[in-house]
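Have a look at the structure below, then the notes.
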Amino acid sequence: MPSHMLLRGQLLAATVMLGLSSTLAMAQQQPCIGNSAATTGPAAFGGAAIKMGAEIAIDEINAKGGVLGKKLSFVQYDDAGAPPRGVDNTRRIALADKCVAILGGYHSTVAVAQAEPVNEIGIPYVGVLAANTKAIENGANPNYMFRVSAKDKWVARFLVEQALKASKTGKVAFFYENTGWGNGALPDVKDAMAKAGKELVATETFNWNDQDMSPQVIRARDAGADVVLFWALDREGNQILRSMDKVGYKPTIIGAWGIAGNLGELAGPLADGVEVIQTYTFMGDMDPKKKALWEKLQAKYGLKQPSDVKMPSGVANAYDAVYIIAAAIEKAGAFDWKKVHDALYTVNLDGLVAEYKPAFDAKDPERQDAILPKYYKLTVWVDGKLLPIEQTKYGKTN
Amino acid sequence: MSTFIQYTLSGLAIGGIYALVALGFHIMWTAAKAVNFAHGDTLMIGAVLAVLGVDAGLPLWLACLLGVAAGALFGILLERFAVRPFTGGTTSIGWMLTTIAVGIMIESLATMQFGGFSRPLPSPGVEKAVHIMGAGIYPQELLIPLVAILAMVGLKFMQKHTLVGRAMQAVAHDKRAAALMGINVNRIVAFSFGLAALFGAAAGILVAPVIQVSATMGTLLGLKGFAVAIIGGITSAPGVVIAGLLFGVMEKFVEGYISTAAREIIGFSSMILVLLVFPQGLFGKREVLKV
């Protein structure tokens, strides 16, 4: 019996100790920013873009003395696009590394899975690529999920607006990949069309690695669509373009940013005139601010030309996100999750992608997203390069 | 009418790819009663190496040739180290698992080296579509089913009229008897795996301009090619080629007249159905196992 009592006492003591140490941990967050993203696998370029943007912003901030007198650091873990690994990384960043904030990655499925542990732990999360609407608009209150990136709901509205502007007949078709990203966008696009009092004349889906899209293309053609919206990645985008070429169908094409990678290389002249939404690009003429950032990227990562940056939106979003987090820490006056979360709603900043005034709005659940649709940019493929549309012949006819 | 022709032609192009992959499975099976489940990845190896060769400044034909040679070498090595040690046992689990494992490893390695993006392989065959009765198709796509049929005829010829071809058939029929007749069984099996992989790598290069080159390009093709080989009857070369072409055309018609989403459901259901009715595949010969 006494031995049992002893055991119970030890257990109790251990529990109390554990409880104490965890509250202690809560109070002492470290001046680091974590990130879970795909750094291997097919979307590794997404993780690379985030790393570049975040590291350059942190270098700049540290060169000016850091935040609250402390130097910031960046820690990135690979989730390879797998939601369970993203959740694991989130806990590791919050509970082991005790970082003050966490940046999101490339995959929407991972971001959706991270929402629950992020809100449970209460660590500020700022998404910088994945655009899924529900990941950030998840209904939690308080909501620790923020985003400095495009949001599918707004992208859909923006693209539909562009499509109806470009369409002569008002007939728009929608091609989307059969994945979480593509299927998630379908209701957003339908809603946006309905708001304009229109309906899609064709909704066509396809799988990754599909080689031929002629049935889908024929249906869209026969439905009379003169504008086609793409929710596709480069490889499948190219297959759709080639099938269109084969059946002699030449609609205006406007796409979400999945076709901002190497569509120009894959499709050659067929890609000319295909429009893509982005939040940022290094292509075309650079203003002094962009030029300065590009030179830093060149020096630090040995890049040769602006087209070497495969996901420029990711670089700029991560860069802005780090500055917004740093400003929030300054305002909060402490490396404390709760205080930083509250301060994020008060940050005003003139960033690369947008003027954030303020970055987020606590009163509007839609405004956990910092980049408003008016800052979305249309770029267009010309001769294998993705240029800002206003700098090309395609911009002048619009 | 033009839509009908379009689906038929597009289907033949896709079916030609399945047929070429299935022929590889046929070659391996008839010699070794085992196959390489990483066969889809031999397509990828050929195509990826061809693109890397072009990147390195080699002329296109040389890059393609090197890709094919590397594919054949891969097949021989794989047979030696991942298949042969496991074919002696009573079950097939060993070589199934090892070849699948090798496939996953090769694919991961290719993703690391080649990156996540698809890359084009230049070819004059995809520069401009030709039009046949209102349907459009690239010349390269027309080439694929033709090559599949030619390859099948060539293979038949080799099996009937050359020493090595007859030896392959002898080994397939009875390994021990073939060995007693003085045939080096191991060498014949290695040869047939090498030949199948050579076929696979060449097929990969042939289809690359149409489907683009990426680390994952072979996965689904390998699976569908195997399904087609089973449907056609893996022991019959004309059987797998016909089944491949038909399967491709059927897919396009399902996509066209039902829906894209229904394609895999109908495709694989029909495979199960065929197997229920024809356990040896549509054109396969019944294999009698003597105990």
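Ordering of the structure tokens sets the chain letters (A, B, ...); residue numbers start at 1 within each chain; ligands are numbered from 1 in the order shown.
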Would you kindly return, as a PyMOL selection string, each protein, DNA or RNA residue with an atom no farther than 12 Å from any atom of region 2-7 of chain B, considering only C-alpha atoms and excluding same-chain residues fewer than 6 positions away? (chain A and resi 212-219+221-222+243-244+246-248) or (chain B and resi 13-15+130-138+142+246+248-257)
Sorted per-residue table, chain A near chain B, closest atoms and distance, 8 Å, only C-alpha atoms, as a Markdown table:
```
| residue | atom | partner | partner_atom | distance |
| --- | --- | --- | --- | --- |
| A:Thr40 | CA | B:Met112 | CA | 7.3 |
| A:Gly41 | CA | B:Gly116 | CA | 6.1 |
| A:Pro42 | CA | B:Gly116 | CA | 3.4 |
| A:Ala43 | CA | B:Gly116 | CA | 6.0 |
| A:Ala44 | CA | B:Gly116 | CA | 6.9 |
| A:Phe45 | CA | B:Gly116 | CA | 7.8 |
| A:Glu204 | CA | B:Thr260 | CA | 7.9 |
| A:Thr205 | CA | B:Thr260 | CA | 6.7 |
| A:Phe206 | CA | B:Thr260 | CA | 6.5 |
| A:Asn209 | CA | B:Met217 | CA | 6.8 |
| A:Gln211 | CA | B:Ile211 | CA | 5.3 |
| A:Asp212 | CA | B:Ser10 | CA | 7.2 |
| A:Ser214 | CA | B:Tyr7 | CA | 7.5 |
| A:Pro215 | CA | B:Gly256 | CA | 4.6 |
| A:Gln216 | CA | B:Gly256 | CA | 7.1 |
| A:Ile218 | CA | B:Thr3 | CA | 7.7 |
| A:Asp234 | CA | B:Ser118 | CA | 7.7 |
| A:Arg235 | CA | B:Ser118 | CA | 6.0 |
| A:Gln239 | CA | B:Ile211 | CA | 7.5 |
| A:Asp245 | CA | B:Ala129 | CA | 7.3 |
| A:Lys246 | CA | B:Gly136 | CA | 4.3 |
| A:Val247 | CA | B:Gly136 | CA | 5.1 |
| A:Gly248 | CA | B:Gly136 | CA | 7.4 |
| A:Gly261 | CA | B:Phe117 | CA | 7.9 |
| A:Asn262 | CA | B:Phe117 | CA | 7.4 |
| A:Glu265 | CA | B:Pro120 | CA | 7.1 |
| A:Leu266 | CA | B:Pro120 | CA | 5.2 |
```
Find the spatial neighbours of region 286-297 of chain A, counting only C-alpha atoms, within a cut-off of 10 Å - ignore same-chain residues fewer than 2 positions away - and output them as a ChimeraX atom specification. /A:52-53,55-57,280-284,299-306,309,315-316,319,351-352
Taking C-alpha atoms for each residue, export the selection above as an mmCIF file, in the first residue's frame.
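Here's the written file out13.cif:
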```cif
data_model
loop_
_atom_site.group_PDB
_atom_site.id
_atom_site.type_symbol
_atom_site.label_atom_id
_atom_site.label_comp_id
_atom_site.auth_asym_id
_atom_site.auth_seq_id
_atom_site.Cartn_x
_atom_site.Cartn_y
_atom_site.Cartn_z
ATOM 1 C CA MET A 52 13.869 33.187 -49.967
ATOM 2 C CA GLY A 53 11.289 35.854 -49.131
ATOM 3 C CA GLU A 55 15.101 35.014 -45.074
ATOM 4 C CA ILE A 56 15.683 38.244 -46.958
ATOM 5 C CA ALA A 57 13.120 40.105 -44.847
ATOM 6 C CA TYR A 280 3.827 39.655 -57.512
ATOM 7 C CA THR A 281 6.279 39.208 -60.349
ATOM 8 C CA PHE A 282 9.906 40.019 -61.010
ATOM 9 C CA MET A 283 9.374 39.912 -64.776
ATOM 10 C CA GLY A 284 9.270 42.981 -66.974
ATOM 11 C CA ALA A 299 23.381 37.719 -54.454
ATOM 12 C CA LYS A 300 22.094 35.386 -51.731
ATOM 13 C CA TYR A 301 20.751 32.515 -53.838
ATOM 14 C CA GLY A 302 22.870 32.755 -56.991
ATOM 15 C CA LEU A 303 19.926 33.352 -59.324
ATOM 16 C CA LYS A 304 20.702 34.416 -62.858
ATOM 17 C CA GLN A 305 17.495 35.836 -64.288
ATOM 18 C CA PRO A 306 14.112 36.850 -62.876
ATOM 19 C CA VAL A 309 12.152 32.583 -59.393
ATOM 20 C CA VAL A 315 8.715 35.269 -52.264
ATOM 21 C CA ALA A 316 6.933 38.616 -51.986
ATOM 22 C CA TYR A 319 8.622 38.895 -47.332
ATOM 23 C CA GLY A 351 4.560 46.376 -48.419
ATOM 24 C CA LEU A 352 5.819 44.931 -51.676
#
```
Which is closest to Thr169 (chain A) among A:Phe146, A:Ala135, A:Asp226, A:Asp191, if we use only C-alpha atoms? A:Asp226
Which parts of region 48-209 of chain B does DSSP call strand (DSSP E) when run on the backbone here, written out as a list in words?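 Secondary structure check on region 48-209 of chain B, strand (DSSP E): Val130, His131, Ile132, Ala135, Gly136 and Ile137 of chain B.
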Only N, CA and C atoms, please: the residues just picked out, written as a PDB file, in the first residue's frame.
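The resulting file, again.pdb, is shown below:
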```pdb
ATOM      1  N   VAL B 130      -2.320  17.943 -87.570  1.00  0.00           N
ATOM      2  CA  VAL B 130      -2.886  17.664 -88.894  1.00  0.00           C
ATOM      3  C   VAL B 130      -4.374  17.405 -88.709  1.00  0.00           C
ATOM      4  N   HIS B 131      -5.134  17.623 -89.762  1.00  0.00           N
ATOM      5  CA  HIS B 131      -6.579  17.470 -89.625  1.00  0.00           C
ATOM      6  C   HIS B 131      -7.094  16.370 -90.527  1.00  0.00           C
ATOM      7  N   ILE B 132      -7.816  15.446 -89.931  1.00  0.00           N
ATOM      8  CA  ILE B 132      -8.381  14.320 -90.663  1.00  0.00           C
ATOM      9  C   ILE B 132      -9.894  14.360 -90.472  1.00  0.00           C
ATOM     10  N   ALA B 135     -11.147  16.259 -87.536  1.00  0.00           N
ATOM     11  CA  ALA B 135     -10.528  15.978 -86.240  1.00  0.00           C
ATOM     12  C   ALA B 135      -9.057  16.361 -86.305  1.00  0.00           C
ATOM     13  N   GLY B 136      -8.540  16.919 -85.221  1.00  0.00           N
ATOM     14  CA  GLY B 136      -7.145  17.341 -85.208  1.00  0.00           C
ATOM     15  C   GLY B 136      -6.296  16.398 -84.378  1.00  0.00           C
ATOM     16  N   ILE B 137      -5.062  16.178 -84.853  1.00  0.00           N
ATOM     17  CA  ILE B 137      -4.167  15.294 -84.097  1.00  0.00           C
ATOM     18  C   ILE B 137      -2.735  15.619 -84.493  1.00  0.00           C
TER      19      ILE B 137
END
```
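Proximity to Ile93 (chain A) at 9 Å, evaluated using only C-alpha atoms and with sequence-adjacent residues fewer than 2 positions away removed, yields A:Ile33, A:Gly34, A:Asn35, A:Ser36, A:Val75, A:Gln76, A:Tyr77, A:Asp88, A:Asn89, A:Thr90, A:Arg91, A:Leu95, A:Ala96, A:Asp97, A:Lys98, A:Cys99, A:Val100, A:Ala101, A:Ile102.
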For CA of Val228 (chain A) and CA of Val353 (chain A), the interatomic separation in Å (one decimal): 26.8 Å
Show which residues sit within 9 Å of region 136-140 of chain A, as a list in words. Count only C-alpha atoms, and ignore same-chain residues fewer than 5 positions away.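 What passes the distance filter is Ala111, Val112, Ala115, Glu116, Asn119, Gly127, Ala131, Met145, Phe146, Arg147, Lys151, Pro365, Glu366, Arg367, Gln368 and Asp369 of chain A.
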Neighbouring residues of Ala82 (chain B) were defined as those with any atom within 7 Å, considering only C-alpha atoms; residues of the same chain fewer than 6 positions away were excluded. Please report them as a PyMOL selection string. chain B and resi 95+98-99
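Coordinates place CA of Glu264 (chain B) at a distance of 24.9 Å from CA of Ala223 (chain A).
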